[in-house]
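J.: My structure file work.txt, compact mmCIF, C-alpha atoms and all ligand atoms, is below:
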```
# COMPACT_ATOMS: atom_id res chain seq x y z
CA MET Y 278 13.38 -2.55 22.15
CA LYS Y 279 14.51 -2.92 18.53
CA LYS Y 280 16.23 -0.34 16.33
CA ILE Y 281 14.02 -0.06 13.29
CA ILE Y 282 14.05 1.90 10.05
CA VAL Y 283 10.76 2.62 8.30
CA MET Y 284 11.34 3.61 4.68
CA GLY Y 285 8.48 5.58 3.20
CA ALA Y 286 7.71 6.90 6.71
CA GLY Y 287 6.33 10.11 5.23
CA GLY Y 288 3.74 8.17 3.24
CA PHE Y 289 0.32 6.84 4.15
CA ILE Y 290 1.04 3.32 5.42
CA GLY Y 291 4.56 4.17 6.62
CA SER Y 292 3.39 7.00 8.88
CA HIS Y 293 0.74 4.77 10.49
CA LEU Y 294 3.34 2.00 10.88
CA VAL Y 295 5.71 4.35 12.71
CA LYS Y 296 2.93 5.12 15.22
CA LYS Y 297 2.35 1.42 15.81
CA LEU Y 298 6.05 0.56 16.20
CA LYS Y 299 6.47 3.43 18.67
CA SER Y 300 3.46 2.19 20.67
CA LEU Y 301 5.23 -1.19 20.88
CA GLY Y 302 8.25 0.52 22.46
CA HIS Y 303 10.78 0.40 19.60
CA TRP Y 304 13.31 3.02 18.51
CA VAL Y 305 12.32 4.16 15.03
CA LYS Y 306 14.10 6.09 12.32
CA GLY Y 307 11.83 7.30 9.52
CA ILE Y 308 13.22 7.92 6.06
CA ASP Y 309 11.40 9.59 3.18
CA LEU Y 310 11.63 12.31 0.55
CA LYS Y 311 9.04 14.20 2.59
CA TYR Y 312 7.49 14.48 6.06
CA PRO Y 313 4.00 13.05 6.60
CA GLU Y 314 1.45 15.44 5.15
CA PHE Y 315 -1.29 15.29 7.76
CA SER Y 316 0.27 14.77 11.19
CA GLU Y 317 3.67 14.89 12.78
CA SER Y 318 5.77 11.74 12.61
CA LEU Y 319 6.30 9.96 15.93
CA ALA Y 320 9.68 8.65 14.75
CA ASP Y 321 12.63 9.20 17.10
CA GLU Y 322 14.59 10.47 14.13
CA PHE Y 323 13.25 11.47 10.71
CA VAL Y 324 15.68 11.77 7.82
CA ILE Y 325 14.72 13.47 4.59
CA GLY Y 326 16.66 11.79 1.82
CA ASP Y 327 16.58 9.85 -1.42
CA LEU Y 328 16.82 6.06 -1.21
CA ARG Y 329 17.68 5.92 -4.93
CA LEU Y 330 21.15 7.04 -3.85
CA LEU Y 331 23.38 4.16 -2.73
CA ALA Y 332 25.59 6.38 -0.56
CA PHE Y 333 22.54 7.66 1.32
CA CYS Y 334 21.36 4.09 1.96
CA GLN Y 335 24.85 3.06 3.11
CA GLU Y 336 24.93 5.95 5.55
CA HIS Y 337 21.70 4.88 7.25
CA ILE Y 338 21.51 1.09 6.89
CA THR Y 339 24.21 0.22 9.39
CA ASP Y 340 25.11 -2.75 11.62
CA SER Y 341 23.17 -1.22 14.51
CA ILE Y 342 19.81 -1.62 12.71
CA ASP Y 343 17.74 -4.66 13.70
CA GLU Y 344 14.85 -4.39 11.25
CA ILE Y 345 13.84 -2.51 8.11
CA TYR Y 346 10.30 -1.95 6.88
CA GLN Y 347 10.71 -1.05 3.21
CA LEU Y 348 7.58 0.79 2.04
CA ALA Y 349 9.18 3.51 -0.09
CA ALA Y 350 7.97 3.40 -3.68
CA ASP Y 351 6.89 5.63 -6.51
CA MET Y 352 3.21 4.77 -6.40
CA GLY Y 353 -0.31 6.10 -6.67
CA GLY Y 354 -3.83 5.15 -7.70
CA ALA Y 355 -5.16 4.17 -11.14
CA GLY Y 356 -4.76 7.75 -12.41
CA TYR Y 357 -1.03 7.51 -11.73
CA LEU Y 358 -0.20 3.84 -12.35
CA PHE Y 359 -2.55 2.70 -15.12
CA THR Y 360 -2.35 5.49 -17.69
CA GLY Y 361 1.12 4.45 -18.90
CA GLU Y 362 2.34 8.04 -18.50
CA ASN Y 363 4.53 7.39 -15.45
CA ASP Y 364 5.78 3.88 -16.27
CA PHE Y 365 9.48 4.61 -16.59
CA ASP Y 366 9.65 6.62 -13.36
CA VAL Y 367 7.61 4.06 -11.46
CA VAL Y 368 9.90 1.19 -12.44
CA HIS Y 369 13.18 3.08 -12.33
CA ASN Y 370 12.62 4.86 -9.01
CA SER Y 371 11.27 1.89 -7.09
CA ALA Y 372 13.77 -0.60 -8.55
CA LEU Y 373 16.68 1.65 -7.56
CA ILE Y 374 15.33 1.91 -4.02
CA ASN Y 375 14.94 -1.85 -3.68
CA LEU Y 376 18.32 -2.65 -5.25
CA ASN Y 377 20.05 -0.28 -2.81
CA VAL Y 378 18.13 -1.37 0.26
CA ALA Y 379 18.60 -5.08 -0.38
CA LYS Y 380 22.35 -4.66 -0.97
CA CYS Y 381 22.90 -2.50 2.11
CA ALA Y 382 20.83 -4.87 4.27
CA ILE Y 383 23.08 -7.74 3.17
CA ASP Y 384 26.28 -5.74 3.76
CA SER Y 385 25.12 -4.60 7.21
CA ARG Y 386 23.64 -7.96 8.18
CA VAL Y 387 20.28 -6.49 9.12
CA ASP Y 388 18.27 -9.13 11.02
CA LYS Y 389 15.00 -8.83 9.11
CA ILE Y 390 13.44 -6.87 6.22
CA PHE Y 391 9.78 -6.35 5.49
CA PHE Y 392 8.91 -5.54 1.87
CA SER Y 393 5.54 -4.15 0.77
CA SER Y 394 4.56 -5.83 -2.47
CA SER Y 395 1.16 -5.51 -4.08
CA ALA Y 396 -1.89 -7.32 -5.42
CA CYS Y 397 -0.86 -5.72 -8.73
CA ILE Y 398 1.63 -8.58 -9.24
CA TYR Y 399 -1.20 -11.05 -10.01
CA PRO Y 400 -1.70 -12.11 -13.64
CA LYS Y 401 -4.19 -10.15 -15.70
CA VAL Y 402 -5.61 -13.36 -17.14
CA ASN Y 403 -6.99 -14.38 -13.70
CA GLN Y 404 -8.69 -11.02 -13.14
CA GLN Y 405 -10.91 -10.66 -16.19
CA ASP Y 406 -14.12 -11.88 -14.58
CA PRO Y 407 -15.30 -9.24 -12.08
CA ASN Y 408 -17.23 -11.86 -10.12
CA ASN Y 409 -14.53 -14.48 -9.87
CA PRO Y 410 -10.97 -13.13 -9.75
CA ASN Y 411 -8.17 -15.38 -8.53
CA CYS Y 412 -5.48 -13.80 -6.36
CA GLU Y 413 -4.20 -16.85 -4.50
CA GLU Y 414 -0.51 -16.46 -3.67
CA SER Y 415 0.30 -19.55 -5.75
CA SER Y 416 -1.32 -18.02 -8.88
CA ALA Y 417 1.42 -15.38 -9.34
CA TYR Y 418 3.20 -17.43 -12.02
CA PRO Y 419 3.29 -17.62 -15.00
CA ALA Y 420 3.56 -13.88 -14.46
CA GLU Y 421 1.54 -11.31 -16.36
CA PRO Y 422 0.89 -8.23 -14.19
CA ASP Y 423 -1.25 -5.62 -15.97
CA SER Y 424 1.03 -2.69 -15.04
CA GLU Y 425 4.74 -1.83 -14.91
CA TYR Y 426 4.16 -1.12 -11.20
CA GLY Y 427 3.18 -4.77 -10.76
CA TRP Y 428 6.23 -5.99 -12.71
CA GLU Y 429 8.57 -3.92 -10.51
CA LYS Y 430 6.95 -5.35 -7.37
CA LEU Y 431 7.40 -8.87 -8.72
CA PHE Y 432 11.03 -8.11 -9.56
CA ALA Y 433 11.58 -6.78 -6.03
CA GLU Y 434 9.94 -9.86 -4.46
CA ARG Y 435 12.48 -11.93 -6.42
CA LEU Y 436 15.32 -9.62 -5.39
CA TYR Y 437 14.58 -9.98 -1.66
CA THR Y 438 13.94 -13.69 -2.07
CA SER Y 439 17.35 -14.17 -3.69
CA ALA Y 440 18.96 -12.12 -0.88
CA LYS Y 441 17.48 -14.70 1.47
CA ARG Y 442 18.59 -17.63 -0.69
CA ASN Y 443 22.19 -16.49 -1.19
CA TYR Y 444 22.91 -14.31 1.85
CA HIS Y 445 20.48 -15.72 4.43
CA ILE Y 446 18.70 -12.41 4.94
CA ASN Y 447 15.48 -12.85 6.89
CA ILE Y 448 12.64 -11.48 4.74
CA ARG Y 449 8.89 -10.94 5.03
CA ILE Y 450 6.79 -9.99 2.00
CA ALA Y 451 3.21 -8.73 2.09
CA ARG Y 452 1.08 -8.33 -1.01
CA PHE Y 453 -1.15 -5.43 0.04
CA HIS Y 454 -4.60 -5.12 -1.54
CA ASN Y 455 -5.94 -1.52 -1.72
CA VAL Y 456 -5.26 -0.06 1.69
CA TYR Y 457 -7.31 3.00 2.70
CA GLY Y 458 -8.07 5.15 5.74
CA PRO Y 459 -7.55 8.55 7.33
CA GLU Y 460 -4.37 10.46 6.48
CA GLY Y 461 -4.11 8.93 3.01
CA THR Y 462 -3.67 11.28 0.08
CA PHE Y 463 -7.03 12.31 -1.43
CA ASP Y 464 -6.28 15.07 -3.95
CA SER Y 465 -2.62 14.84 -5.02
CA GLY Y 466 -3.15 12.96 -8.28
CA LYS Y 467 -1.80 9.85 -6.50
CA GLU Y 468 -5.01 9.12 -4.55
CA LYS Y 469 -6.67 5.73 -4.75
CA VAL Y 470 -10.32 5.03 -5.43
CA PRO Y 471 -11.81 5.09 -1.87
CA ALA Y 472 -10.13 8.43 -1.10
CA ALA Y 473 -10.99 9.88 -4.52
CA LEU Y 474 -14.66 8.89 -4.16
CA CYS Y 475 -14.85 10.21 -0.58
CA ARG Y 476 -13.45 13.52 -1.83
CA LYS Y 477 -15.89 13.71 -4.75
CA VAL Y 478 -18.85 12.91 -2.49
CA ALA Y 479 -17.72 15.37 0.19
CA MET Y 480 -17.42 18.15 -2.42
CA ALA Y 481 -20.73 17.44 -4.18
CA LYS Y 482 -23.97 19.23 -3.41
CA ASN Y 483 -27.28 17.38 -3.10
CA ASN Y 484 -28.72 16.14 -6.42
CA GLU Y 485 -25.40 16.53 -8.29
CA THR Y 486 -23.56 13.57 -9.83
CA ILE Y 487 -20.04 12.33 -9.16
CA GLU Y 488 -17.80 10.98 -11.91
CA ILE Y 489 -16.78 7.32 -12.02
CA TRP Y 490 -14.03 6.08 -14.33
CA GLY Y 491 -15.29 3.32 -16.63
CA LYS Y 492 -18.59 1.49 -16.16
CA GLY Y 493 -18.00 1.02 -12.44
CA THR Y 494 -18.66 -2.71 -12.74
CA GLN Y 495 -15.03 -3.59 -12.02
CA THR Y 496 -14.65 -5.14 -8.56
CA ARG Y 497 -12.09 -4.67 -5.79
CA SER Y 498 -11.68 -5.23 -2.06
CA PHE Y 499 -10.34 -2.61 0.35
CA LEU Y 500 -8.38 -3.00 3.56
CA TYR Y 501 -8.65 -0.52 6.42
CA ILE Y 502 -5.29 0.85 7.55
CA ASP Y 503 -5.47 -0.48 11.16
CA ASP Y 504 -6.04 -4.03 9.88
CA CYS Y 505 -3.15 -3.59 7.44
CA ILE Y 506 -0.75 -2.50 10.19
CA GLU Y 507 -1.83 -5.39 12.43
CA GLY Y 508 -1.21 -7.81 9.55
CA VAL Y 509 2.28 -6.38 8.95
CA ILE Y 510 3.22 -6.73 12.64
CA GLN Y 511 1.93 -10.31 12.77
CA LEU Y 512 3.77 -11.19 9.56
CA MET Y 513 7.03 -9.75 10.91
CA ASP Y 514 6.58 -11.75 14.13
CA SER Y 515 5.92 -14.96 12.20
CA ASN Y 516 8.47 -17.31 10.64
CA TYR Y 517 6.86 -17.18 7.18
CA SER Y 518 9.19 -15.81 4.50
CA GLN Y 519 7.18 -16.21 1.31
CA PRO Y 520 4.77 -13.60 -0.08
CA LEU Y 521 1.43 -13.40 1.74
CA ASN Y 522 -1.73 -11.49 0.84
CA ILE Y 523 -2.65 -8.77 3.34
CA GLY Y 524 -6.07 -7.74 2.09
CA SER Y 525 -9.80 -7.99 2.54
CA GLU Y 526 -12.12 -10.53 0.94
CA GLU Y 527 -15.10 -8.14 1.04
CA MET Y 528 -15.38 -7.65 -2.73
CA ILE Y 529 -17.50 -4.82 -4.11
CA SER Y 530 -17.97 -3.11 -7.47
CA ILE Y 531 -16.84 0.50 -7.86
CA ASN Y 532 -20.49 1.56 -8.39
CA GLU Y 533 -21.43 -0.16 -5.12
CA LEU Y 534 -18.48 1.47 -3.38
CA ALA Y 535 -19.57 4.90 -4.60
CA ASN Y 536 -23.15 4.29 -3.45
CA LEU Y 537 -21.94 3.10 -0.06
CA ILE Y 538 -19.97 6.33 0.42
CA ILE Y 539 -22.97 8.38 -0.75
CA ASP Y 540 -25.11 6.54 1.79
CA ILE Y 541 -22.59 7.30 4.55
CA SER Y 542 -22.61 10.98 3.57
CA ASN Y 543 -26.43 11.19 3.83
CA LYS Y 544 -26.47 13.07 0.52
CA SER Y 545 -28.57 12.34 -2.51
CA LEU Y 546 -26.15 12.01 -5.45
CA GLY Y 547 -26.05 10.27 -8.83
CA LEU Y 548 -23.19 8.62 -10.70
CA SER Y 549 -21.96 9.66 -14.14
CA HIS Y 550 -19.59 7.32 -15.96
CA ILE Y 551 -16.69 8.76 -17.92
CA GLU Y 552 -13.62 7.33 -19.66
CA GLY Y 553 -10.66 6.72 -17.38
CA PRO Y 554 -8.00 4.19 -16.38
CA ILE Y 555 -9.62 1.27 -14.56
CA GLY Y 556 -7.06 -1.56 -14.27
CA VAL Y 557 -8.22 -5.18 -14.21
CA GLN Y 558 -11.91 -6.13 -14.23
CA GLY Y 559 -11.89 -7.91 -10.87
CA ARG Y 560 -9.55 -8.20 -7.90
CA THR Y 561 -9.95 -9.33 -4.33
CA SER Y 562 -7.71 -10.87 -1.73
CA ASN Y 563 -7.66 -14.59 -1.09
CA ASN Y 564 -6.89 -14.94 2.62
CA ASP Y 565 -6.77 -18.75 2.95
CA LEU Y 566 -3.00 -18.84 3.29
CA VAL Y 567 -2.64 -15.81 5.57
CA LYS Y 568 -5.39 -17.17 7.85
CA SER Y 569 -3.70 -20.53 8.13
CA ARG Y 570 -0.16 -19.12 8.54
CA LEU Y 571 -0.78 -16.10 10.79
CA GLY Y 572 -4.37 -16.50 11.98
CA TRP Y 573 -4.79 -12.91 10.73
CA GLN Y 574 -7.88 -11.55 9.05
CA PRO Y 575 -9.36 -8.06 8.83
CA LYS Y 576 -11.61 -7.02 11.72
CA ILE Y 577 -13.04 -3.77 10.35
CA THR Y 578 -15.88 -3.97 7.83
CA LEU Y 579 -15.76 -1.84 4.69
CA ARG Y 580 -18.66 0.27 5.96
CA GLU Y 581 -16.96 0.94 9.32
CA GLY Y 582 -13.66 1.81 7.64
CA LEU Y 583 -15.31 4.07 5.08
CA GLU Y 584 -17.30 5.90 7.78
CA LYS Y 585 -14.03 6.88 9.49
CA THR Y 586 -12.33 7.70 6.19
CA TYR Y 587 -15.22 9.72 4.80
CA GLN Y 588 -15.47 11.74 8.00
CA TRP Y 589 -11.74 12.54 7.90
CA ILE Y 590 -11.73 13.49 4.19
CA ALA Y 591 -14.92 15.56 4.52
CA THR Y 592 -13.24 17.54 7.33
CA GLN Y 593 -10.11 18.05 5.20
CA VAL Y 594 -12.18 19.18 2.21
CA VAL Y 595 -14.10 21.69 4.33
CA SER Y 596 -10.93 23.14 5.88
CA THR Y 597 -9.16 23.33 2.49
CA THR Y 598 -12.15 25.06 0.89
CA ALA Y 599 -12.39 27.45 3.83
CA THR Y 600 -8.75 28.55 3.47
CA VAL Y 601 -8.82 29.03 -0.35
P1 LIG Y 701 2.76 6.40 -0.28
O1 LIG Y 701 3.01 6.92 -1.65
O2 LIG Y 701 1.89 7.18 0.61
O3 LIG Y 701 4.16 6.15 0.46
C1 LIG Y 701 5.34 5.85 -0.21
C2 LIG Y 701 6.40 6.80 0.30
O4 LIG Y 701 7.64 6.49 -0.34
C3 LIG Y 701 6.10 8.27 -0.04
O5 LIG Y 701 5.99 9.06 1.12
C4 LIG Y 701 7.27 8.70 -0.90
O6 LIG Y 701 7.69 10.05 -0.69
C5 LIG Y 701 8.34 7.70 -0.46
N1 LIG Y 701 9.40 7.62 -1.47
C6 LIG Y 701 9.24 7.48 -2.81
N2 LIG Y 701 10.43 7.52 -3.44
C7 LIG Y 701 11.36 7.67 -2.45
C8 LIG Y 701 12.77 7.80 -2.47
N3 LIG Y 701 13.44 7.76 -3.62
N4 LIG Y 701 13.42 7.95 -1.30
C9 LIG Y 701 12.73 8.01 -0.12
N5 LIG Y 701 11.39 7.90 -0.05
C10 LIG Y 701 10.72 7.74 -1.19
O7 LIG Y 701 2.21 4.92 -0.48
P2 LIG Y 701 1.50 3.96 0.58
O8 LIG Y 701 0.09 3.85 0.18
O9 LIG Y 701 1.85 4.35 1.96
O10 LIG Y 701 2.21 2.58 0.21
C11 LIG Y 701 3.33 2.10 0.94
C12 LIG Y 701 3.88 0.87 0.23
O11 LIG Y 701 2.88 -0.13 0.11
C13 LIG Y 701 4.38 1.16 -1.19
O12 LIG Y 701 5.52 0.38 -1.44
C14 LIG Y 701 3.23 0.66 -2.06
O13 LIG Y 701 3.66 0.29 -3.34
C15 LIG Y 701 2.73 -0.52 -1.24
N6 LIG Y 701 1.32 -0.80 -1.52
C16 LIG Y 701 0.36 0.08 -1.12
C17 LIG Y 701 -0.96 -0.20 -1.40
C18 LIG Y 701 -2.06 0.74 -0.97
O14 LIG Y 701 -3.22 0.44 -1.22
N7 LIG Y 701 -1.77 1.87 -0.35
C19 LIG Y 701 -1.32 -1.37 -2.09
C20 LIG Y 701 -0.31 -2.22 -2.50
C21 LIG Y 701 1.01 -1.96 -2.19
```
Let me see the structure of the file written as structure tokens.
Ligand code: NAD

T.:
Amino acid sequence: MKKIIVMGAGGFIGSHLVKKLKSLGHWVKGIDLKYPEFSESLADEFVIGDLRLLAFCQEHITDSIDEIYQLAADMGGAGYLFTGENDFDVVHNSALINLNVAKCAIDSRVDKIFFSSSACIYPKVNQQDPNNPNCEESSAYPAEPDSEYGWEKLFAERLYTSAKRNYHINIRIARFHNVYGPEGTFDSGKEKVPAALCRKVAMAKNNETIEIWGKGTQTRSFLYIDDCIEGVIQLMDSNYSQPLNIGSEEMISINELANLIIDISNKSLGLSHIEGPIGVQGRTSNNDLVKSRLGWQPKITLREGLEKTYQWIATQVVSTTATV
């Protein structure tokens, strides 16, 4: 049994990760600014606090901790990250968290840290063709992320990597690609595209249209939460300390994604395209390296994952509407 801290344990991926680590028999302390929104945390201890504060980090990152999973970040979907309106907060908040956590982990000689980076670190120039984006791990440099969020993630990758180089901290870095599933935010303004589209479809009546930002021809791939968690556990158990993609290679355009969700809902709906933040033209995971290093690849198809997610969001939407 290890003593583990999950930072960002009140968030989407963090709360699922706590469940998994508990099922593996570990002692888990969750830290976040908030409790999980949709179900109770299974953490042995849950501390509400702000990781931007060094003294708070020093209080909790102590010699008795074996591992840290650092998922806390100021993040959201395109509506939050790609409008430019939240850039300073996104960089400042997440950089402070990572600076504090890395320093305290060094001082307390924590055995191993996991850091959740993002596909948003990849250069814009390699993601202009929706049919042929390149997100191989080795393509990260020369760097040109298309958002400040991506730059902060790249900075943090370098921070943890230099902690390893100079202080021999054991690190693991995943570059997540669009993770989705039940218990992810769907109407907070920080929701990502699968959750936003599930919500729009669930709320629409037959023969209405749902709004899509941009032309909908931009492509992405989406990773179901259970596959993501399995990838994180396998990465932590491996001896690989450089950044690895944890994503799906099932690339789809946003229009196709919307139509897939409509099909799952059994409704008859149209799409109407409006102006909105869309990010890069194409992005999908390249899993060659992660397959060869970990033997990991996603098991759940996009359709299977969306069926579970749509069902969960549709139930949430119905219960929210019923209580208004
Ligand atoms: P999330 O927003 O649901 O979770 C992040 C959590 O961090 C939130 O609960 C938030 O309250 C917490 N947090 C923020 N600032 C904090 C602070 N100062 N002190 C303590 N807690 C703080 O996001 P998520 O989808 O669960 O993502 C988890 C991690 O994975 C993030 O680092 C994110 O950047 C990364 N990531 C996620 C995706 C994805 O598709 N979900 C893709 C790429 C990378």

J.: Excluding His303 in chain Y and residues on its chain fewer than 2 positions from it, collect all residues at most 12 Å away from it, counting only C-alpha atoms, and give them as number ranges by chain.

T.: Y: 278-283, 294-301, 305-306, 319-321, 342-344

J.: Name each residue within 7 Å of ligand LIG 701 (chain Y), counting all atoms listed in the file, as a PyMOL selection string.

T.: chain Y and resi 284-291+308-311+326-329+348-353+370-371+374+393-396+452-457+461-462

J.: Which residues, protein or nucleic acid, reach to within 8 Å of (-4.8, -1.3, -11.8) in the file's coordinates when using only C-alpha atoms, and can you give that as an NGL selection string?

T.: :Y and (354-355 or 358-359 or 397 or 423-424 or 554-557)

J.: Skipping near chain neighbours, those fewer than 2 positions away, what residues fall within 8 Å of range 478-486 of chain Y using only C-alpha atoms, listed as a VMD selection string?

T.: chain Y and resid 474 to 476 488 538 to 539 542 544 to 549 587 590 to 591 594

J.: Quick one: of Y:Lys585, Y:Lys441, Y:Lys380, Y:Lys568, who's nearest to Cys334 in chain Y, counting only C-alpha atoms?

T.: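 That would be Y:Lys380, the residue with the smallest distance to Cys334 in chain Y.
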
J.: Expressed in Å to a single decimal, how great is the separation between CA of Phe323 in chain Y and CA of Ala382 in chain Y?

T.: 19.1 Å

J.: When you count all atoms listed in the file, which of these residues is closest to Ser562 in chain Y: Y:Tyr426, Y:Tyr399, Y:Phe432, Y:Tyr418?

T.: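 Nearest candidate to Ser562 in chain Y out of Y:Tyr426, Y:Tyr399, Y:Phe432, Y:Tyr418: Y:Tyr399.
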
J.: Between CA of Ala535 in chain Y and CA of Cys505 in chain Y, measure the distance and give it in Å to one decimal.

T.: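 Pair CA of Ala535 in chain Y / CA of Cys505 in chain Y returns 22.1 Å.
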